[in-house]
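Q: So I've got this file, entry05.csv, and it contains CSV, N, CA and C atoms:
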chain,number,residue,atom,x,y,z
A,1235,MET,N,5.5,-67.5,-24.2
A,1235,MET,CA,5.3,-68.4,-25.3
A,1235,MET,C,6.6,-68.6,-26.1
A,1236,THR,N,6.8,-69.9,-26.5
A,1236,THR,CA,8.0,-70.1,-27.2
A,1236,THR,C,7.7,-69.9,-28.7
A,1237,TRP,N,8.8,-69.9,-29.5
A,1237,TRP,CA,8.6,-69.7,-30.9
A,1237,TRP,C,7.9,-70.9,-31.6
A,1238,SER,N,8.1,-72.1,-31.1
A,1238,SER,CA,7.3,-73.2,-31.7
A,1238,SER,C,5.8,-73.1,-31.4
A,1239,ASN,N,5.4,-72.6,-30.2
A,1239,ASN,CA,4.0,-72.4,-30.0
A,1239,ASN,C,3.4,-71.4,-30.9
A,1240,VAL,N,4.2,-70.3,-31.1
A,1240,VAL,CA,3.7,-69.2,-31.9
A,1240,VAL,C,3.6,-69.7,-33.4
A,1241,SER,N,4.5,-70.5,-33.8
A,1241,SER,CA,4.5,-70.9,-35.2
A,1241,SER,C,3.3,-71.9,-35.4
A,1242,ILE,N,3.1,-72.8,-34.5
A,1242,ILE,CA,2.0,-73.8,-34.6
A,1242,ILE,C,0.7,-73.0,-34.5
A,1243,ALA,N,0.5,-72.1,-33.6
A,1243,ALA,CA,-0.7,-71.3,-33.6
A,1243,ALA,C,-0.9,-70.5,-34.9
A,1244,PHE,N,0.1,-70.0,-35.4
A,1244,PHE,CA,0.0,-69.3,-36.7
A,1244,PHE,C,-0.5,-70.2,-37.8
A,1245,LEU,N,0.1,-71.4,-37.8
A,1245,LEU,CA,-0.2,-72.4,-38.9
A,1245,LEU,C,-1.7,-72.9,-38.7
A,1246,LEU,N,-2.1,-73.1,-37.4
A,1246,LEU,CA,-3.5,-73.6,-37.2
A,1246,LEU,C,-4.5,-72.5,-37.6
A,1247,ARG,N,-4.2,-71.3,-37.5
A,1247,ARG,CA,-5.1,-70.2,-37.9
A,1247,ARG,C,-5.2,-70.2,-39.4
A,1248,ARG,N,-4.2,-70.5,-40.1
A,1248,ARG,CA,-4.2,-70.5,-41.5
A,1248,ARG,C,-4.6,-71.8,-42.2
A,1249,LEU,N,-4.7,-72.9,-41.4
A,1249,LEU,CA,-5.0,-74.2,-42.0
A,1249,LEU,C,-6.3,-74.3,-42.7
A,1250,PRO,N,-7.4,-73.7,-42.2
A,1250,PRO,CA,-8.7,-73.8,-43.0
A,1250,PRO,C,-8.6,-73.2,-44.4
A,1251,PHE,N,-7.7,-72.3,-44.6
A,1251,PHE,CA,-7.6,-71.6,-45.9
A,1251,PHE,C,-6.7,-72.3,-46.8
A,1252,VAL,N,-6.0,-73.3,-46.4
A,1252,VAL,CA,-5.1,-74.1,-47.2
A,1252,VAL,C,-5.9,-75.2,-48.0
A,1253,ASP,N,-5.6,-75.5,-49.2
A,1253,ASP,CA,-6.3,-76.5,-49.9
A,1253,ASP,C,-6.3,-77.8,-49.2
A,1254,SER,N,-7.4,-78.6,-49.3
A,1254,SER,CA,-7.5,-79.8,-48.5
A,1254,SER,C,-6.5,-80.9,-49.0
A,1255,ASP,N,-6.0,-80.8,-50.2
A,1255,ASP,CA,-5.0,-81.8,-50.7
A,1255,ASP,C,-3.6,-81.4,-50.4
A,1256,HIS,N,-3.4,-80.3,-49.7
A,1256,HIS,CA,-2.0,-79.9,-49.4
A,1256,HIS,C,-1.4,-80.8,-48.4
A,1257,PHE,N,-0.1,-81.0,-48.4
A,1257,PHE,CA,0.6,-82.0,-47.6
A,1257,PHE,C,0.5,-81.7,-46.1
A,1258,VAL,N,0.3,-80.4,-45.7
A,1258,VAL,CA,0.3,-80.1,-44.3
A,1258,VAL,C,-0.9,-80.6,-43.6
A,1259,HIS,N,-2.0,-81.0,-44.3
A,1259,HIS,CA,-3.2,-81.5,-43.6
A,1259,HIS,C,-3.0,-82.9,-43.1
A,1260,LYS,N,-2.0,-83.6,-43.6
A,1260,LYS,CA,-1.8,-85.0,-43.0
A,1260,LYS,C,-1.2,-85.0,-41.6
A,1261,TYR,N,-0.7,-83.8,-41.2
A,1261,TYR,CA,-0.1,-83.7,-39.8
A,1261,TYR,C,-1.1,-83.3,-38.7
A,1262,PHE,N,-2.3,-83.1,-39.1
A,1262,PHE,CA,-3.3,-82.6,-38.1
A,1262,PHE,C,-4.6,-83.5,-38.2
A,1263,LEU,N,-5.3,-83.6,-37.1
A,1263,LEU,CA,-6.5,-84.4,-37.0
A,1263,LEU,C,-7.6,-83.7,-37.9
A,1264,PRO,N,-8.6,-84.4,-38.2
A,1264,PRO,CA,-9.7,-83.8,-38.9
A,1264,PRO,C,-10.4,-82.7,-38.1
A,1265,GLN,N,-11.1,-81.8,-38.7
A,1265,GLN,CA,-11.7,-80.7,-38.0
A,1265,GLN,C,-12.8,-81.1,-37.0
A,1266,GLU,N,-13.4,-82.2,-37.2
A,1266,GLU,CA,-14.5,-82.7,-36.3
A,1266,GLU,C,-13.9,-82.8,-34.8
A,1267,TYR,N,-12.6,-83.2,-34.8
A,1267,TYR,CA,-12.0,-83.4,-33.5
A,1267,TYR,C,-11.8,-82.1,-32.7
A,1268,ALA,N,-11.8,-81.0,-33.4
A,1268,ALA,CA,-11.6,-79.7,-32.8
A,1268,ALA,C,-12.8,-79.4,-31.8
A,1269,ILE,N,-13.9,-80.0,-32.1
A,1269,ILE,CA,-15.1,-79.8,-31.2
A,1269,ILE,C,-15.2,-81.0,-30.3
A,1270,LEU,N,-15.0,-82.2,-30.8
A,1270,LEU,CA,-15.2,-83.4,-30.1
A,1270,LEU,C,-14.3,-83.6,-28.9
A,1271,ILE,N,-13.0,-83.4,-29.0
A,1271,ILE,CA,-12.1,-83.6,-28.0
A,1271,ILE,C,-12.3,-82.7,-26.8
A,1272,PRO,N,-12.5,-81.4,-27.0
A,1272,PRO,CA,-12.7,-80.5,-25.8
A,1272,PRO,C,-14.1,-80.8,-25.1
A,1273,VAL,N,-15.1,-81.2,-25.9
A,1273,VAL,CA,-16.4,-81.5,-25.3
A,1273,VAL,C,-16.2,-82.8,-24.4
A,1274,ILE,N,-15.6,-83.8,-24.9
A,1274,ILE,CA,-15.4,-85.0,-24.1
A,1274,ILE,C,-14.6,-84.8,-22.9
A,1275,ALA,N,-13.5,-84.0,-23.1
A,1275,ALA,CA,-12.7,-83.6,-21.9
A,1275,ALA,C,-13.5,-82.9,-20.9
A,1276,GLY,N,-14.3,-82.0,-21.3
A,1276,GLY,CA,-15.1,-81.2,-20.4
A,1276,GLY,C,-16.1,-82.1,-19.6
A,1277,VAL,N,-16.8,-83.0,-20.3
A,1277,VAL,CA,-17.7,-83.9,-19.7
A,1277,VAL,C,-17.0,-84.8,-18.7
A,1278,VAL,N,-15.8,-85.3,-19.0
A,1278,VAL,CA,-15.1,-86.1,-18.1
A,1278,VAL,C,-14.7,-85.3,-16.9
A,1279,LEU,N,-14.2,-84.1,-17.1
A,1279,LEU,CA,-13.7,-83.3,-16.0
A,1279,LEU,C,-14.9,-82.9,-15.1
A,1280,LEU,N,-16.0,-82.5,-15.6
A,1280,LEU,CA,-17.2,-82.2,-14.8
A,1280,LEU,C,-17.7,-83.5,-14.0
A,1281,SER,N,-17.6,-84.6,-14.7
A,1281,SER,CA,-18.0,-85.9,-14.0
A,1281,SER,C,-17.2,-86.2,-12.8
A,1282,PHE,N,-15.8,-86.1,-13.0
A,1282,PHE,CA,-14.9,-86.4,-11.8
A,1282,PHE,C,-15.1,-85.3,-10.8
A,1283,LEU,N,-15.3,-84.1,-11.1
A,1283,LEU,CA,-15.5,-83.0,-10.2
A,1283,LEU,C,-16.7,-83.2,-9.4
A,1284,SER,N,-17.8,-83.5,-10.0
A,1284,SER,CA,-19.1,-83.7,-9.3
A,1284,SER,C,-19.0,-85.0,-8.4
A,1285,ILE,N,-18.3,-86.0,-8.8
A,1285,ILE,CA,-18.2,-87.2,-8.0
A,1285,ILE,C,-17.3,-86.8,-6.7
A,1286,PHE,N,-16.2,-86.1,-6.9
A,1286,PHE,CA,-15.4,-85.7,-5.8
A,1286,PHE,C,-16.2,-84.8,-4.8
A,1287,VAL,N,-16.9,-83.8,-5.3
A,1287,VAL,CA,-17.7,-83.0,-4.4
A,1287,VAL,C,-18.8,-83.8,-3.7
A,1288,GLY,N,-19.4,-84.8,-4.4
A,1288,GLY,CA,-20.4,-85.6,-3.7
A,1288,GLY,C,-19.8,-86.5,-2.6
A,1289,LEU,N,-18.6,-87.0,-2.9
A,1289,LEU,CA,-18.0,-87.9,-1.9
A,1289,LEU,C,-17.5,-87.0,-0.7
A,1290,VAL,N,-17.1,-85.8,-0.9
A,1290,VAL,CA,-16.7,-85.0,0.2
A,1290,VAL,C,-17.9,-84.6,1.0
A,1291,MET,N,-19.0,-84.3,0.4
A,1291,MET,CA,-20.3,-84.0,1.1
A,1291,MET,C,-20.7,-85.2,1.9
A,1292,LEU,N,-20.7,-86.4,1.4
A,1292,LEU,CA,-21.1,-87.5,2.1
A,1292,LEU,C,-20.2,-87.8,3.3
A,1293,LYS,N,-18.9,-87.6,3.2
A,1293,LYS,CA,-18.0,-87.8,4.3
A,1293,LYS,C,-18.2,-86.8,5.4
A,1294,SER,N,-18.5,-85.5,5.0
A,1294,SER,CA,-18.7,-84.5,6.0
A,1294,SER,C,-20.0,-84.7,6.7
A,1295,LYS,N,-21.0,-85.3,6.0
A,1295,LYS,CA,-22.3,-85.6,6.6
A,1295,LYS,C,-22.1,-86.7,7.7
A,1296,LYS,N,-21.3,-87.7,7.4
A,1296,LYS,CA,-21.1,-88.8,8.3
A,1296,LYS,C,-20.4,-88.3,9.5
A,1297,LYS,N,-19.4,-87.4,9.4
A,1297,LYS,CA,-18.7,-86.9,10.5
A,1297,LYS,C,-19.6,-86.1,11.5
A,1298,LYS,N,-20.6,-85.4,10.9
A,1298,LYS,CA,-21.5,-84.6,11.7
A,1298,LYS,C,-22.4,-85.5,12.5
A,1299,LYS,N,-22.8,-86.7,11.9
A,1299,LYS,CA,-23.7,-87.6,12.7
A,1299,LYS,C,-23.0,-88.2,13.8
A,1300,THR,N,-21.7,-88.5,13.7
A,1300,THR,CA,-21.0,-89.2,14.8
A,1300,THR,C,-20.6,-88.2,15.9
A,1301,THR,N,-20.5,-87.0,15.6
A,1301,THR,CA,-20.1,-86.0,16.7
A,1301,THR,C,-21.2,-85.4,17.4
Represent the structure from my file as structure tokens, please.

A:
Amino acid sequence: MTWSNVSIAFLLRRLPFVDSDHFVHKYFLPQEYAILIPVIAGVVLLSFLSIFVGLVMLKSKKKKKTT
């Protein structure tokens, strides 16, 4: 880990304890996005993964029929 990653991680752990009118809050997204962004990313990832697996299964089934 680089020092910038360590410092950002340290700041993010301390951010909920800083007053909401402090200037540092304007540099970060609202707290709702801490849950919303990973959930949406997970749903999109699982959707693409299931579509990929489905397409591979359909292609393998077609190959077995022709041989």

Q: Which parts of chain A does DSSP call alpha helix (DSSP H) when run on the backbone here, written out as a ChimeraX atom specification?

A: /A:1237-1248,1267-1300

Q: Would you work out the distance separating atom C of Val1273 of chain A from atom C of Phe1257 of chain A, expressed in Å to one decimal?

A: 27.4 Å

Q: Between atom C of Leu1249 of chain A and atom C of Phe1262 of chain A, measure the distance and give it in Å to one decimal.

A: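 That distance, rounded to one decimal, is 10.4 Å.
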
Q: What does the distance between atom N of Asn1239 of chain A and atom C of Tyr1261 of chain A come to in Å, to one decimal place?

A: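 One can read the atom N of Asn1239 of chain A to atom C of Tyr1261 of chain A distance as 15.1 Å.
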